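Student: This is work04.pdb, which holds PDB, C-alpha atoms and all ligand atoms:
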ATOM      1  CA  MET L  78      82.954  66.764-116.688
ATOM      2  CA  GLN L  79      83.785  68.202-120.136
ATOM      3  CA  GLN L  80      80.098  68.875-120.647
ATOM      4  CA  PHE L  81      79.838  70.515-117.238
ATOM      5  CA  ILE L  82      82.838  72.758-117.850
ATOM      6  CA  ARG L  83      81.576  73.809-121.276
ATOM      7  CA  GLY L  84      77.896  74.044-120.414
ATOM      8  CA  VAL L  85      78.072  75.622-116.980
ATOM      9  CA  ILE L  86      81.392  77.408-116.621
ATOM     10  CA  ARG L  87      82.951  78.200-119.997
ATOM     11  CA  LYS L  88      79.766  79.667-121.484
ATOM     12  CA  HIS L  89      80.162  82.703-119.205
ATOM     13  CA  PHE L  90      83.556  83.720-120.541
ATOM     14  CA  VAL L  91      84.388  85.133-123.943
ATOM     15  CA  SER L  92      88.125  84.752-124.388
ATOM     16  CA  SER L  93      90.201  83.778-127.397
ATOM     17  CA  TYR L  94      92.703  82.252-124.946
ATOM     18  CA  LEU L  95      90.069  79.971-123.440
ATOM     19  CA  ALA L  96      88.631  79.205-126.879
ATOM     20  CA  ASN L  97      92.055  77.882-127.840
ATOM     21  CA  GLU L  98      91.517  75.019-125.356
ATOM     22  CA  HIS L  99      95.227  74.438-124.962
ATOM     23  CA  ASP L 100      97.209  73.531-121.851
ATOM     24  CA  ALA L 101      98.376  77.070-121.220
ATOM     25  CA  ALA L 102      97.464  80.547-122.408
ATOM     26  CA  VAL L 103     100.190  82.370-124.330
ATOM     27  CA  LEU L 104      99.898  86.011-123.324
ATOM     28  CA  PRO L 105     101.367  88.972-125.163
ATOM     29  CA  ILE L 106     102.803  91.380-122.634
ATOM     30  CA  GLU L 107     104.355  94.807-123.038
ATOM     31  CA  THR L 108     107.965  95.122-122.004
ATOM     32  CA  GLY L 109     108.650  96.428-118.525
ATOM     33  CA  ALA L 110     107.635  94.597-115.351
ATOM     34  CA  ILE L 111     104.671  92.410-114.567
ATOM     35  CA  ALA L 112     102.984  91.875-111.223
ATOM     36  CA  PHE L 113     101.721  88.400-110.360
ATOM     37  CA  THR L 114      99.622  87.356-107.374
ATOM     38  CA  THR L 115      97.217  84.683-106.145
ATOM     39  CA  ASP L 116      94.618  84.254-103.420
ATOM     40  CA  THR L 117      92.047  81.669-102.333
ATOM     41  CA  TYR L 118      88.478  82.444-101.258
ATOM     42  CA  VAL L 119      86.515  80.424 -98.716
ATOM     43  CA  VAL L 120      83.951  82.986 -97.504
ATOM     44  CA  ARG L 121      80.711  81.796 -95.865
ATOM     45  CA  PRO L 122      77.951  82.536 -96.716
ATOM     46  CA  LEU L 123      78.646  82.577-100.466
ATOM     47  CA  PHE L 124      76.254  85.487-100.992
ATOM     48  CA  PHE L 125      76.113  88.434 -98.601
ATOM     49  CA  PRO L 126      74.814  92.033 -98.789
ATOM     50  CA  GLY L 127      76.962  93.885-101.316
ATOM     51  CA  GLY L 128      78.803  90.908-102.753
ATOM     52  CA  ASP L 129      79.456  87.202-103.162
ATOM     53  CA  ILE L 130      82.416  84.813-103.383
ATOM     54  CA  GLY L 131      82.757  85.360-107.159
ATOM     55  CA  LYS L 132      83.054  89.130-106.929
ATOM     56  CA  LEU L 133      85.408  88.761-103.980
ATOM     57  CA  ALA L 134      87.679  86.383-105.902
ATOM     58  CA  VAL L 135      88.037  88.847-108.762
ATOM     59  CA  PHE L 136      88.276  92.091-106.788
ATOM     60  CA  GLY L 137      90.605  90.572-104.178
ATOM     61  CA  THR L 138      93.207  89.610-106.769
ATOM     62  CA  ILE L 139      92.717  92.834-108.756
ATOM     63  CA  ASN L 140      93.315  94.805-105.551
ATOM     64  CA  ASP L 141      96.524  92.955-104.715
ATOM     65  CA  LEU L 142      97.829  93.817-108.202
ATOM     66  CA  ALA L 143      96.718  97.421-107.716
ATOM     67  CA  MET L 144      98.750  97.692-104.496
ATOM     68  CA  VAL L 145     101.964  97.681-106.517
ATOM     69  CA  GLY L 146     100.502 100.088-109.062
ATOM     70  CA  ALA L 147      99.950  97.397-111.710
ATOM     71  CA  ILE L 148      97.250  97.529-114.368
ATOM     72  CA  PRO L 149      95.421  94.197-114.008
ATOM     73  CA  GLN L 150      95.217  92.264-117.281
ATOM     74  CA  TYR L 151      94.755  88.506-116.967
ATOM     75  CA  LEU L 152      93.197  86.191-114.414
ATOM     76  CA  SER L 153      93.046  82.477-113.783
ATOM     77  CA  VAL L 154      90.121  80.920-111.939
ATOM     78  CA  GLY L 155      90.474  77.625-110.074
ATOM     79  CA  MET L 156      87.351  76.090-108.620
ATOM     80  CA  ILE L 157      87.024  73.234-106.150
ATOM     81  CA  LEU L 158      83.474  71.908-105.958
ATOM     82  CA  GLU L 159      82.038  69.407-103.539
ATOM     83  CA  GLU L 160      80.095  66.571-105.134
ATOM     84  CA  GLY L 161      76.372  67.354-105.069
ATOM     85  CA  PHE L 162      76.846  71.123-104.940
ATOM     86  CA  SER L 163      74.039  72.989-106.729
ATOM     87  CA  ILE L 164      74.728  73.692-110.414
ATOM     88  CA  GLU L 165      72.434  76.686-110.183
ATOM     89  CA  THR L 166      74.696  78.194-107.515
ATOM     90  CA  VAL L 167      77.812  77.476-109.616
ATOM     91  CA  ASN L 168      76.069  79.366-112.430
ATOM     92  CA  CYS L 169      75.407  82.362-110.169
ATOM     93  CA  VAL L 170      78.987  82.411-108.901
ATOM     94  CA  VAL L 171      80.534  82.119-112.370
ATOM     95  CA  ASP L 172      78.159  84.780-113.703
ATOM     96  CA  SER L 173      79.297  87.066-110.891
ATOM     97  CA  ILE L 174      82.973  86.352-111.710
ATOM     98  CA  GLN L 175      82.347  87.224-115.344
ATOM     99  CA  LYS L 176      80.541  90.496-114.517
ATOM    100  CA  ALA L 177      83.319  91.484-112.107
ATOM    101  CA  THR L 178      86.016  90.854-114.749
ATOM    102  CA  ILE L 179      84.148  93.046-117.235
ATOM    103  CA  GLU L 180      83.881  95.788-114.605
ATOM    104  CA  CYS L 181      87.657  95.611-114.081
ATOM    105  CA  GLY L 182      88.596  95.270-117.760
ATOM    106  CA  VAL L 183      90.423  91.978-117.207
ATOM    107  CA  GLU L 184      90.150  88.630-118.962
ATOM    108  CA  VAL L 185      89.981  85.131-117.527
ATOM    109  CA  VAL L 186      92.492  83.307-119.724
ATOM    110  CA  THR L 187      92.849  79.986-117.961
ATOM    111  CA  GLY L 188      91.084  77.974-115.326
ATOM    112  CA  ASP L 189      90.544  74.654-113.673
ATOM    113  CA  THR L 190      87.680  72.806-112.026
ATOM    114  CA  LYS L 191      88.007  69.884-109.637
ATOM    115  CA  VAL L 192      85.268  67.974-107.882
ATOM    116  CA  VAL L 193      85.937  66.331-104.508
ATOM    117  CA  GLU L 194      83.731  63.711-102.820
ATOM    118  CA  ARG L 195      80.780  64.689-100.724
ATOM    119  CA  GLY L 196      81.877  65.691 -97.234
ATOM    120  CA  LYS L 197      85.448  66.418 -98.392
ATOM    121  CA  GLY L 198      84.838  70.059 -99.324
ATOM    122  CA  ASP L 199      82.500  72.823 -98.322
ATOM    123  CA  GLY L 200      80.414  73.485-101.407
ATOM    124  CA  ILE L 201      82.781  75.675-103.339
ATOM    125  CA  PHE L 202      86.261  77.162-102.956
ATOM    126  CA  LEU L 203      87.760  79.570-105.456
ATOM    127  CA  ASN L 204      91.332  80.485-106.287
ATOM    128  CA  THR L 205      92.267  83.323-108.592
ATOM    129  CA  ALA L 206      95.696  84.371-109.794
ATOM    130  CA  GLY L 207      96.282  87.595-111.652
ATOM    131  CA  VAL L 208      98.845  89.234-113.879
ATOM    132  CA  GLY L 209      99.159  92.995-114.274
ATOM    133  CA  ILE L 210     101.557  95.268-116.086
ATOM    134  CA  ILE L 211     103.593  97.985-114.422
ATOM    135  CA  LYS L 212     104.177 101.200-116.325
ATOM    136  CA  HIS L 213     105.353 103.478-113.517
ATOM    137  CA  ARG L 214     108.894 103.752-112.181
ATOM    138  CA  LEU L 215     108.114 104.011-108.479
ATOM    139  CA  ALA L 216     108.970 101.443-105.812
ATOM    140  CA  ILE L 217     105.551 101.170-104.152
ATOM    141  CA  GLU L 218     106.580  99.169-101.091
ATOM    142  CA  PRO L 219     107.114  99.530 -97.336
ATOM    143  CA  ALA L 220     110.841 100.252 -97.789
ATOM    144  CA  SER L 221     109.930 103.508 -99.560
ATOM    145  CA  LEU L 222     108.350 105.065 -96.462
ATOM    146  CA  VAL L 223     110.026 108.199 -95.122
ATOM    147  CA  GLU L 224     109.490 110.226 -91.976
ATOM    148  CA  GLY L 225     106.661 112.702 -92.414
ATOM    149  CA  ASP L 226     104.754 110.662 -95.013
ATOM    150  CA  ALA L 227     101.016 111.193 -94.840
ATOM    151  CA  LEU L 228      98.729 108.210 -94.339
ATOM    152  CA  ILE L 229      95.428 108.295 -96.214
ATOM    153  CA  VAL L 230      92.620 105.749 -95.952
ATOM    154  CA  SER L 231      90.329 105.413 -98.983
ATOM    155  CA  GLY L 232      87.040 105.224 -97.094
ATOM    156  CA  ASP L 233      85.026 103.970 -94.137
ATOM    157  CA  LEU L 234      86.129 100.739 -92.475
ATOM    158  CA  GLY L 235      84.573  97.488 -91.320
ATOM    159  CA  ARG L 236      81.574  97.043 -93.574
ATOM    160  CA  HIS L 237      82.702  93.877 -95.349
ATOM    161  CA  GLY L 238      83.406  91.909 -92.185
ATOM    162  CA  ILE L 239      80.213  93.023 -90.494
ATOM    163  CA  ALA L 240      78.077  92.348 -93.610
ATOM    164  CA  VAL L 241      79.406  88.764 -93.850
ATOM    165  CA  MET L 242      79.133  88.184 -90.120
ATOM    166  CA  ALA L 243      75.565  89.502 -89.999
ATOM    167  CA  ALA L 244      74.523  87.343 -92.972
ATOM    168  CA  ARG L 245      76.141  84.276 -91.396
ATOM    169  CA  GLU L 246      74.668  84.694 -87.944
ATOM    170  CA  GLY L 247      71.299  86.085 -89.082
ATOM    171  CA  LEU L 248      71.915  89.321 -87.187
ATOM    172  CA  GLU L 249      69.674  92.224 -88.016
ATOM    173  CA  PHE L 250      70.709  95.826 -87.713
ATOM    174  CA  GLU L 251      68.586  98.917 -88.279
ATOM    175  CA  THR L 252      69.826  99.195 -91.850
ATOM    176  CA  THR L 253      71.446  96.379 -93.798
ATOM    177  CA  ILE L 254      75.216  96.884 -93.753
ATOM    178  CA  GLN L 255      76.604  96.356 -97.273
ATOM    179  CA  SER L 256      80.057  94.936 -97.937
ATOM    180  CA  ASP L 257      82.567  97.471 -99.269
ATOM    181  CA  CYS L 258      83.743  94.835-101.808
ATOM    182  CA  ALA L 259      85.082  96.821-104.819
ATOM    183  CA  PRO L 260      88.022  97.079-107.228
ATOM    184  CA  LEU L 261      90.698  99.687-106.424
ATOM    185  CA  ALA L 262      92.895  99.513-109.522
ATOM    186  CA  ALA L 263      91.331 102.419-111.451
ATOM    187  CA  MET L 264      91.744 104.735-108.467
ATOM    188  CA  VAL L 265      95.413 103.746-108.054
ATOM    189  CA  GLN L 266      96.064 104.364-111.764
ATOM    190  CA  ASP L 267      94.505 107.799-111.379
ATOM    191  CA  LEU L 268      96.799 108.611-108.445
ATOM    192  CA  LEU L 269      99.758 107.702-110.653
ATOM    193  CA  LYS L 270      98.346 109.735-113.551
ATOM    194  CA  TYR L 271      98.132 112.811-111.324
ATOM    195  CA  GLY L 272     101.783 112.412-110.390
ATOM    196  CA  ILE L 273     101.287 111.313-106.797
ATOM    197  CA  HIS L 274     104.547 109.755-105.574
ATOM    198  CA  LEU L 275     103.000 106.701-103.961
ATOM    199  CA  HIS L 276     105.416 105.382-101.353
ATOM    200  CA  CYS L 277     103.347 102.406-100.233
ATOM    201  CA  LEU L 278      99.836 101.028-100.691
ATOM    202  CA  ARG L 279      98.071  98.201 -98.853
ATOM    203  CA  ASP L 280      94.534  96.879 -99.157
ATOM    204  CA  LEU L 281      92.894  96.428 -95.782
ATOM    205  CA  THR L 282      91.767  92.815 -96.003
ATOM    206  CA  ARG L 283      92.235  90.217 -93.269
ATOM    207  CA  GLY L 284      93.159  91.848 -89.977
ATOM    208  CA  GLY L 285      91.953  95.273 -91.109
ATOM    209  CA  LEU L 286      93.718  98.601 -90.724
ATOM    210  CA  ALA L 287      95.542  97.676 -87.510
ATOM    211  CA  SER L 288      97.216  94.583 -88.996
ATOM    212  CA  ALA L 289      98.139  96.349 -92.250
ATOM    213  CA  LEU L 290      99.806  99.197 -90.348
ATOM    214  CA  ASN L 291     101.734  96.816 -88.105
ATOM    215  CA  GLU L 292     102.944  94.729 -91.067
ATOM    216  CA  ILE L 293     104.140  97.853 -92.858
ATOM    217  CA  ALA L 294     105.730  99.419 -89.759
ATOM    218  CA  ILE L 295     107.709  96.239 -89.112
ATOM    219  CA  SER L 296     108.854  95.711 -92.665
ATOM    220  CA  ALA L 297     109.736  99.415 -93.142
ATOM    221  CA  GLN L 298     111.266  99.661 -89.636
ATOM    222  CA  CYS L 299     109.399 102.889 -89.027
ATOM    223  CA  SER L 300     106.731 104.129 -86.658
ATOM    224  CA  ILE L 301     103.245 105.246 -87.556
ATOM    225  CA  VAL L 302     100.780 107.340 -85.583
ATOM    226  CA  VAL L 303      97.078 107.369 -86.491
ATOM    227  CA  GLU L 304      94.432 109.712 -85.161
ATOM    228  CA  GLU L 305      91.425 107.779 -83.942
ATOM    229  CA  GLU L 306      88.839 110.465 -84.577
ATOM    230  CA  ARG L 307      89.887 110.809 -88.224
ATOM    231  CA  ILE L 308      89.309 107.140 -89.075
ATOM    232  CA  PRO L 309      85.994 106.927 -90.947
ATOM    233  CA  ILE L 310      83.588 104.292 -89.589
ATOM    234  CA  GLN L 311      79.831 104.313 -90.229
ATOM    235  CA  SER L 312      77.714 104.603 -87.104
ATOM    236  CA  GLU L 313      75.866 101.345 -87.978
ATOM    237  CA  VAL L 314      79.214  99.534 -88.147
ATOM    238  CA  ARG L 315      80.333 101.097 -84.895
ATOM    239  CA  GLY L 316      77.097  99.962 -83.237
ATOM    240  CA  ALA L 317      77.401  96.427 -84.633
ATOM    241  CA  CYS L 318      81.004  96.211 -83.409
ATOM    242  CA  GLU L 319      80.002  97.270 -79.923
ATOM    243  CA  MET L 320      77.254  94.674 -79.894
ATOM    244  CA  LEU L 321      79.589  91.907 -81.106
ATOM    245  CA  GLY L 322      82.484  93.023 -78.941
ATOM    246  CA  ILE L 323      84.893  93.489 -81.844
ATOM    247  CA  ASP L 324      87.170  96.344 -82.840
ATOM    248  CA  PRO L 325      86.441  97.827 -86.305
ATOM    249  CA  LEU L 326      90.146  98.514 -86.825
ATOM    250  CA  TYR L 327      90.761  94.742 -87.066
ATOM    251  CA  ILE L 328      87.863  93.900 -89.385
ATOM    252  CA  ALA L 329      88.511  92.815 -92.975
ATOM    253  CA  ASN L 330      87.539  95.183 -95.768
ATOM    254  CA  GLU L 331      87.453  94.195 -99.444
ATOM    255  CA  GLY L 332      87.438  97.560-101.167
ATOM    256  CA  ARG L 333      89.560  99.747 -98.942
ATOM    257  CA  MET L 334      93.226 100.665 -98.966
ATOM    258  CA  ILE L 335      95.732 102.919 -97.305
ATOM    259  CA  ALA L 336      98.217 105.085 -99.181
ATOM    260  CA  PHE L 337     101.462 106.552 -97.854
ATOM    261  CA  VAL L 338     102.332 109.668 -99.829
ATOM    262  CA  PRO L 339     104.701 112.626 -99.384
ATOM    263  CA  GLN L 340     103.151 115.094 -96.966
ATOM    264  CA  ALA L 341     103.126 117.840 -99.602
ATOM    265  CA  GLN L 342     100.912 115.693-101.846
ATOM    266  CA  ALA L 343      98.475 114.485 -99.179
ATOM    267  CA  LEU L 344      95.643 116.855-100.025
ATOM    268  CA  ARG L 345      95.966 116.261-103.754
ATOM    269  CA  ALA L 346      96.041 112.480-103.260
ATOM    270  CA  ALA L 347      92.882 112.564-101.141
ATOM    271  CA  GLU L 348      91.159 114.727-103.760
ATOM    272  CA  VAL L 349      92.057 112.313-106.561
ATOM    273  CA  MET L 350      90.749 109.396-104.491
ATOM    274  CA  GLN L 351      87.521 111.213-103.659
ATOM    275  CA  LYS L 352      86.702 111.498-107.382
ATOM    276  CA  HIS L 353      86.201 107.729-107.408
ATOM    277  CA  GLU L 354      83.160 106.017-105.922
ATOM    278  CA  VAL L 355      85.476 103.663-103.967
ATOM    279  CA  GLY L 356      87.463 106.608-102.619
ATOM    280  CA  ARG L 357      84.626 108.976-101.848
ATOM    281  CA  GLY L 358      85.357 108.808 -98.139
ATOM    282  CA  ALA L 359      89.146 109.209 -98.483
ATOM    283  CA  SER L 360      90.627 110.858 -95.432
ATOM    284  CA  TRP L 361      94.028 111.728 -93.949
ATOM    285  CA  ILE L 362      94.363 109.624 -90.798
ATOM    286  CA  GLY L 363      97.973 109.730 -89.701
ATOM    287  CA  LYS L 364     101.667 109.906 -90.533
ATOM    288  CA  VAL L 365     105.040 108.243 -90.385
ATOM    289  CA  VAL L 366     106.999 109.580 -87.422
ATOM    290  CA  GLY L 367     110.662 109.567 -86.484
ATOM    291  CA  THR L 368     110.766 108.390 -82.925
ATOM    292  CA  ASP L 369     107.575 106.904 -81.582
ATOM    293  CA  ILE L 370     106.243 106.711 -78.040
ATOM    294  CA  LYS L 371     108.355 103.641 -77.368
ATOM    295  CA  GLY L 372     111.443 105.192 -78.899
ATOM    296  CA  SER L 373     111.676 102.191 -81.201
ATOM    297  CA  ASN L 374     110.900 101.354 -84.788
ATOM    298  CA  GLY L 375     108.276  99.046 -86.214
ATOM    299  CA  HIS L 376     105.590 100.415 -83.944
ATOM    300  CA  VAL L 377     102.046 101.710 -84.491
ATOM    301  CA  ALA L 378     100.376 104.112 -82.076
ATOM    302  CA  ILE L 379      96.872 105.505 -82.051
ATOM    303  CA  LYS L 380      96.037 108.929 -80.664
ATOM    304  CA  SER L 381      92.666 108.966 -78.919
ATOM    305  CA  ARG L 382      90.074 111.708 -79.173
ATOM    306  CA  VAL L 383      91.521 113.292 -76.035
ATOM    307  CA  GLY L 384      95.104 113.081 -77.281
ATOM    308  CA  ILE L 385      96.323 110.005 -75.391
ATOM    309  CA  LEU L 386      98.683 107.727 -77.325
ATOM    310  CA  ARG L 387      98.450 103.964 -77.013
ATOM    311  CA  THR L 388      99.887 101.044 -78.951
ATOM    312  CA  LEU L 389      97.767  99.670 -81.796
ATOM    313  CA  ASP L 390      98.909  96.061 -81.834
ATOM    314  CA  PHE L 391      98.518  93.048 -84.067
ATOM    315  CA  LEU L 392      95.425  91.043 -83.275
ATOM    316  CA  SER L 393      96.135  87.720 -81.644
ATOM    317  CA  GLY L 394      94.171  85.037 -83.488
ATOM    318  CA  ASP L 395      91.556  85.466 -86.198
ATOM    319  CA  GLN L 396      88.758  87.749 -85.074
ATOM    320  CA  LEU L 397      86.301  86.698 -87.781
ATOM    321  CA  PRO L 398      87.022  83.450 -89.644
ATOM    322  CA  ARG L 399      85.909  82.650 -93.231
ATOM    323  CA  ILE L 400      85.377  86.288 -94.103
ATOM    324  CA  CYS L 401      87.187  86.272 -97.460
TER     325      CYS L 401
HETATM  326 MG    MG E   1      96.536  92.506-100.072
END
Just give me the structure of the file as structure tokens.
Ligand code: MG

Tutor:
Amino acid sequence: MQQFIRGVIRKHFVSSYLANEHDAAVLPIETGAIAFTTDTYVVRPLFFPGGDIGKLAVFGTINDLAMVGAIPQYLSVGMILEEGFSIETVNCVVDSIQKATIECGVEVVTGDTKVVERGKGDGIFLNTAGVGIIKHRLAIEPASLVEGDALIVSGDLGRHGIAVMAAREGLEFETTIQSDCAPLAAMVQDLLKYGIHLHCLRDLTRGGLASALNEIAISAQCSIVVEEERIPIQSEVRGACEMLGIDPLYIANEGRMIAFVPQAQALRAAEVMQKHEVGRGASWIGKVVGTDIKGSNGHVAIKSRVGILRTLDFLSGDQLPRIC
């Protein structure tokens, strides 16, 4: 096991903390606040167009830190392997983790590997936890929403879920749909640098845009209206969704977020986002309203192309399992 950890896993990471080989990493941290989060990744297949489980495990945790405006710094990586799982594949996954951490400017400072008996796992599961530092003084959270806030989405929706689904089921579309899997932290830092008063951010992972909006509306006790025709969705994704009978607004994305900003800063915020590759398709899609169509709070409505309002609800059940 020691040999395996050193020879297969550790060799990918250059870190003085790991080199210390102690029970815990002692991390210097600037004063202020830190953000701390964790997530577990069980996606199947492990490799899909535009990404793989390693990239996902790094970007997913980085993005959760970014959603509170933190600058990601340190990561842990926990790995559960099933006995007999290919060492070559472990190498590919760990290599992908390492490349993703370099891309994000973060360091893996601690980790763990466990092997379970054959038949008691499913090849490989990953868990990452992350620590980031917070330098801003905003409260980037649902409670900060106010009536009139503009809602901006960072780009087109649905590609991650469809890319994984297509790879899993061997579906072929005219062009290969690539996952949107990407880190969002640099774009969020830029929004802060340009003085955008971010009221709330949320990455659009499991459950997609519709679930994120409902979660926020409920916790902020406000109502949100989105305009259907302004939501960016690639035509290939739209076609795939029609074929599979799923709604793109509920599909998981891994490199997309929404931002609630003061109405007066909406244009500026979208412009700052568009400067980044991950925000190229940033678009204003809706707003926080006072009284909604139901006259209640905690409600999300969608305005159709012809101006009809309907409720955009939570999805009952998991539309696409094992997607992240
Ligand atoms: Mg999240």

Student: Work out how far apart CA of Val230 (chain L) and CA of His274 (chain L) are and give it in Å to one decimal.

Tutor: 15.8 Å

Student: Taking into account all atoms listed in the file, which residue in the set L:Gly332, L:Gly363, L:Gly322, L:Pro339 is nearest to Ile379 (chain L)?

Tutor: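 Nearest to Ile379 (chain L): L:Gly363.
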
Student: Within 9 Å of ligand MG 1 (chain E), which residues show up when you count all atoms listed in the file? List them as JSON, numbers by chain, please.

Tutor: {"L": [137, 138, 140, 141, 142, 144, 279, 280, 281, 282, 283, 289, 334]}

Student: Do a neighbour search on Val171 (chain L) at 9 Å with all atoms listed in the file, toss out local chain neighbours closer than 3 positions, and write the hits as an MDAnalysis selection string.

Tutor: chainID L and resid 85:87 89:90 131 166:168 174:176

Student: Which is closer to Gly146 (chain L) than all the others in L:Ala216, L:Met242, L:Cys258, L:Ile82, using only C-alpha atoms?

Tutor: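 Distance minimum relative to Gly146 (chain L) lands on L:Ala216.
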
Student: Can you pull out every residue within 12 Å of Leu344 (chain L), counting all atoms listed in the file, but drop anything in the same chain fewer than 2 positions away, and send it as a PDB file with C-alpha atoms, in the frame of the given file?

Tutor:
ATOM      1  CA  ALA L 227     101.016 111.193 -94.840  1.00  0.00           C
ATOM      2  CA  LEU L 228      98.729 108.210 -94.339  1.00  0.00           C
ATOM      3  CA  ILE L 229      95.428 108.295 -96.214  1.00  0.00           C
ATOM      4  CA  LEU L 268      96.799 108.611-108.445  1.00  0.00           C
ATOM      5  CA  ILE L 273     101.287 111.313-106.797  1.00  0.00           C
ATOM      6  CA  VAL L 338     102.332 109.668 -99.829  1.00  0.00           C
ATOM      7  CA  PRO L 339     104.701 112.626 -99.384  1.00  0.00           C
ATOM      8  CA  GLN L 340     103.151 115.094 -96.966  1.00  0.00           C
ATOM      9  CA  ALA L 341     103.126 117.840 -99.602  1.00  0.00           C
ATOM     10  CA  GLN L 342     100.912 115.693-101.846  1.00  0.00           C
ATOM     11  CA  ALA L 346      96.041 112.480-103.260  1.00  0.00           C
ATOM     12  CA  ALA L 347      92.882 112.564-101.141  1.00  0.00           C
ATOM     13  CA  GLU L 348      91.159 114.727-103.760  1.00  0.00           C
ATOM     14  CA  VAL L 349      92.057 112.313-106.561  1.00  0.00           C
ATOM     15  CA  MET L 350      90.749 109.396-104.491  1.00  0.00           C
ATOM     16  CA  GLN L 351      87.521 111.213-103.659  1.00  0.00           C
ATOM     17  CA  ALA L 359      89.146 109.209 -98.483  1.00  0.00           C
ATOM     18  CA  SER L 360      90.627 110.858 -95.432  1.00  0.00           C
ATOM     19  CA  TRP L 361      94.028 111.728 -93.949  1.00  0.00           C
ATOM     20  CA  ILE L 362      94.363 109.624 -90.798  1.00  0.00           C
TER      21      ILE L 362
END

Student: Do a neighbour search on region 95-101 of chain L at 9 Å with all atoms listed in the file, toss out local chain neighbours closer than 6 positions, and write the hits as a list in words.

Tutor: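 Those residues are Arg87, Val185, Val186, Thr187 and Gly188 of chain L.
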
Student: Here is a test: counting only C-alpha atoms, which residue of L:Ala102, L:Ala240, L:Ile400, L:Ile201 is nearest to Ala317 (chain L)?

Tutor: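 Nearest candidate to Ala317 (chain L) out of L:Ala102, L:Ala240, L:Ile400, L:Ile201: L:Ala240.
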
Student: Nearest to Pro105 (chain L): which of L:Gln150, L:Asn204, L:Glu194, L:Val183 is it, counting only C-alpha atoms?

Tutor: L:Gln150

Student: Please provide as a ChimeraX atom specification all residues within 10 Å of Ile323 (chain L), with the sequence filter that same-chain residues fewer than 6 positions apart are discarded (counting all atoms listed in the file).

Tutor: /L:239,315,317,396-397

Student: Can you turn the PyMOL selection byres (((chain L and resi 161) around 9) and not hetatm) into a concrete residue list for this file, as a ChimeraX atom specification?

Tutor: /L:158-160,162-164,194-195,200

Student: What is the CA of Leu203 (chain L)-CA of Pro219 (chain L) distance in Å, reported with one decimal?

Tutor: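 The value is 29.0 Å.
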
Student: Run the PyMOL selection byres (((chain L and resi 390) around 10) and not hetatm) mentally over the shown coordinates, then write out the matched residues as a PyMOL selection string, using the chain letters and numbers from the document.

Tutor: chain L and resi 287-288+290-291+327+376-379+387-389+391-393

Student: If I take CA of Glu224 (chain L) and CA of Met264 (chain L), how far is one from the other in Å, to one decimal?

Tutor: 24.8 Å
